[in-house]
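Printed here is data.cif (mmCIF, C-alpha atoms):
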data_structure
#
loop_
_atom_site.label_atom_id
_atom_site.label_comp_id
_atom_site.auth_asym_id
_atom_site.auth_seq_id
_atom_site.Cartn_x
_atom_site.Cartn_y
_atom_site.Cartn_z
CA MET A 1 15.18 27.93 5.06
CA GLU A 2 16.20 30.87 2.90
CA GLN A 3 17.61 28.45 0.35
CA LEU A 4 14.29 26.61 0.29
CA ASP A 5 12.44 29.89 -0.19
CA SER A 6 14.70 30.64 -3.13
CA ILE A 7 14.08 27.22 -4.69
CA ILE A 8 10.32 27.58 -4.33
CA GLN A 9 10.42 31.07 -5.84
CA ASP A 10 12.55 29.88 -8.77
CA GLU A 11 10.23 26.95 -9.47
CA THR A 12 6.88 28.70 -8.97
CA LYS A 13 7.59 32.37 -9.67
CA VAL A 14 5.01 33.03 -6.96
CA ASN A 15 6.48 36.43 -6.08
CA ASP A 16 5.70 37.61 -9.61
CA ILE A 17 1.98 37.12 -9.01
CA GLU A 18 -0.02 40.08 -7.74
CA ASN A 19 -3.33 38.57 -6.69
CA LEU A 20 -3.28 36.70 -3.36
CA GLN A 21 -5.76 34.05 -4.56
CA ASN A 22 -3.60 33.36 -7.62
CA LYS A 23 -0.54 33.01 -5.39
CA TYR A 24 -2.44 30.56 -3.23
CA ASP A 25 -3.56 28.58 -6.31
CA ARG A 26 0.00 28.38 -7.65
CA ILE A 27 1.41 27.18 -4.31
CA TYR A 28 -1.43 24.68 -3.94
CA LYS A 29 -0.74 23.20 -7.39
CA TYR A 30 2.97 23.11 -6.61
CA SER A 31 2.24 21.22 -3.38
CA LYS A 32 0.17 18.66 -5.28
CA VAL A 33 3.02 18.09 -7.73
CA LEU A 34 5.47 17.61 -4.86
CA LEU A 35 3.15 15.04 -3.23
CA LEU A 36 2.80 13.22 -6.54
CA ILE A 37 6.57 13.10 -6.99
CA LYS A 38 7.00 11.85 -3.44
CA SER A 39 4.41 9.14 -4.10
CA PHE A 40 6.08 8.14 -7.37
CA ASP A 41 9.47 7.95 -5.65
CA LYS A 42 8.02 5.62 -3.03
CA ILE A 43 6.40 3.43 -5.68
CA TYR A 44 9.57 3.36 -7.77
CA ASP A 45 11.63 2.27 -4.77
CA SER A 46 9.32 -0.69 -4.11
CA ILE A 47 8.23 -1.75 -7.60
CA TYR A 48 9.79 -4.66 -9.45
CA GLY A 49 11.35 -4.29 -12.88
CA SER A 50 8.92 -6.84 -14.29
CA GLN A 51 6.05 -4.62 -13.16
CA ILE A 52 7.56 -1.66 -15.01
CA ARG A 53 7.79 -3.77 -18.17
CA PHE A 54 4.19 -4.85 -17.49
CA PHE A 55 3.19 -1.14 -17.51
CA GLN A 56 5.12 -0.43 -20.65
CA ARG A 57 3.18 -3.13 -22.47
CA LEU A 58 -0.14 -1.88 -21.11
CA ASN A 59 0.78 1.62 -22.14
CA HIS A 60 1.02 0.44 -25.75
CA THR A 61 -1.92 -1.95 -25.85
CA SER A 62 -4.42 -0.22 -23.52
CA VAL A 63 -6.23 -3.36 -22.34
CA GLU A 64 -4.92 -6.89 -21.82
CA THR A 65 -6.16 -9.96 -20.04
CA LYS A 66 -4.64 -10.93 -16.71
CA GLU A 67 -3.60 -14.17 -18.35
CA SER A 68 -1.74 -12.51 -21.25
CA LEU A 69 0.18 -10.28 -18.84
CA LYS A 70 1.11 -13.15 -16.55
CA LEU A 71 4.18 -13.86 -18.70
CA TYR A 72 5.95 -10.90 -17.05
CA TYR A 73 5.34 -12.45 -13.65
CA GLU A 74 6.31 -15.94 -14.82
CA ASN A 75 9.56 -14.74 -16.41
CA ALA A 76 10.46 -12.94 -13.20
CA THR A 77 9.70 -16.02 -11.07
CA LYS A 78 12.02 -18.08 -13.27
CA ASN A 79 14.85 -15.57 -12.98
CA TYR A 80 14.31 -14.66 -9.32
CA PRO A 81 12.58 -17.61 -7.64
CA ASP A 82 13.50 -16.53 -4.10
CA ALA A 83 11.99 -13.06 -4.52
CA TYR A 84 8.70 -14.51 -5.74
CA LYS A 85 8.51 -17.55 -3.48
CA ASN A 86 5.83 -15.96 -1.28
CA TYR A 87 4.53 -13.44 -3.79
CA PRO A 88 1.69 -14.91 -5.90
CA TYR A 89 0.44 -13.30 -9.09
CA GLU A 90 -2.71 -11.95 -7.40
CA ARG A 91 -0.58 -9.99 -4.89
CA TYR A 92 1.67 -8.82 -7.74
CA LEU A 93 -1.42 -7.37 -9.45
CA GLY A 94 -2.88 -6.22 -6.14
CA TYR A 95 0.15 -4.02 -5.44
CA LEU A 96 -0.33 -2.26 -8.77
CA LYS A 97 -4.06 -1.81 -8.22
CA ALA A 98 -3.65 -0.63 -4.62
CA ASN A 99 -1.30 2.09 -5.83
CA GLY A 100 -3.79 3.18 -8.49
CA LEU A 101 -1.55 2.22 -11.39
CA ILE A 102 -3.89 -0.29 -13.04
CA LEU A 103 -7.63 -0.79 -13.28
CA PHE A 104 -9.66 -3.93 -13.75
CA GLU A 105 -12.57 -3.87 -16.16
CA ASP A 106 -16.02 -5.05 -15.15
CA ASN A 107 -15.28 -8.73 -15.73
CA ASP A 108 -12.17 -8.49 -13.51
CA GLU A 109 -10.19 -10.38 -16.16
CA ASN A 110 -9.08 -7.44 -18.25
CA VAL A 111 -6.46 -5.00 -17.04
CA GLU A 112 -5.76 -1.48 -18.22
CA ILE A 113 -3.21 1.10 -17.23
CA SER A 114 -4.69 4.03 -15.30
CA GLN A 115 -3.90 7.67 -15.96
CA LEU A 116 -1.77 7.58 -12.81
CA GLY A 117 0.10 4.58 -14.25
CA LYS A 118 0.78 6.52 -17.45
CA ASP A 119 1.96 9.48 -15.39
CA PHE A 120 4.21 7.15 -13.39
CA LEU A 121 5.84 5.86 -16.60
CA ARG A 122 6.31 9.46 -17.77
CA TYR A 123 7.86 10.30 -14.39
CA ILE A 124 10.35 7.43 -14.72
CA LEU A 125 11.45 8.76 -18.11
CA GLU A 126 11.57 12.43 -17.12
CA ALA A 127 13.42 11.66 -13.88
CA ASN A 128 15.86 9.55 -15.91
CA LEU A 129 15.25 6.52 -13.68
CA SER A 130 16.22 3.07 -14.86
CA VAL A 131 13.50 0.74 -16.08
CA GLU A 132 15.97 -2.11 -15.65
CA LYS A 133 15.29 -2.87 -12.02
CA MET A 134 15.66 -6.36 -10.58
CA TYR A 135 12.78 -8.80 -10.25
#
Could you write out this structure as structure tokens?
Amino acid sequence: MEQLDSIIQDETKVNDIENLQNKYDRIYKYSKVLLLIKSFDKIYDSIYGSQIRFFQRLNHTSVETKESLKLYYENATKNYPDAYKNYPYERYLGYLKANGLILFEDNDENVEISQLGKDFLRYILEANLSVEKMY
């Protein structure tokens, strides 16, 4: 536990803060960042490589149609037919939406990357995680 205290102090510098409310605010923000990282780790562990490439494209183009993005799914199904046998395109998109990484526009045909999706891509880069995952 002392080692954890030391890590938290090194990362937050909370002991350098005089005001109790400011200490609380710093620790609260630190907790939110840790929860975000934990969430991103969980998503990264379960996301397919084709979905990461899907995000990268959306990150550059802002908005695409579901149909234009389907090529990522179709390429993956050709290369990994067993993995996608029971995983239709709507579920593929649904996973991304359920995790807050993409948004559908009013017509439900256009897709855009969410701020969380952009942050997830940034996390992958900053954590030096591979974008070359299977599927």
### Task
I need the residue set behind the PyMOL selection byres ((chain A and resi 52-63) around 9) for this file; please write it as a PyMOL selection string.
chain A and resi 47-51+64-65+69-70+72-73+101-102+105+110-113+117-118+121+131-133
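One finds atom CA of A:Gln9 at 13.1 Å from atom CA of A:Tyr24.
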### Query
Hey, can you check how far atom CA of A:Asn99 sits from atom CA of A:Phe120?
10.6 Å
#### Entry: Interatomic distance, atom CA of A:Arg122 to atom CA of A:Ile37 (Å, one decimal)
11.4 Å
### Task
Choose the residue, out of A:Asn128, A:Ser68, A:Asn75, A:Ser39, that has the smallest atom-to-atom separation from A:Gly100; count all atoms listed in the file.
A:Ser39
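When all atoms listed in the file are used to measure the gap to A:Leu103, the shortest distance among A:Gln115, A:Ser6, A:Ser46, A:Ser31 belongs to A:Gln115.
Proximity to A:Tyr84 at 12 Å, evaluated using only C-alpha atoms and with sequence-adjacent residues fewer than 3 positions away removed, yields A:Tyr48, A:Ser50, A:Tyr73, A:Glu74, A:Asn75, A:Ala76, A:Thr77, A:Lys78, A:Asn79, A:Tyr80, A:Pro81, A:Tyr87, A:Pro88, A:Tyr89, A:Glu90, A:Arg91, A:Tyr92, A:Met134, A:Tyr135.
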### Query
Smallest atom-to-atom distance to A:Asn15: which of A:Val33, A:Lys38, A:Ile27, A:Leu116, using only C-alpha atoms?
A:Ile27
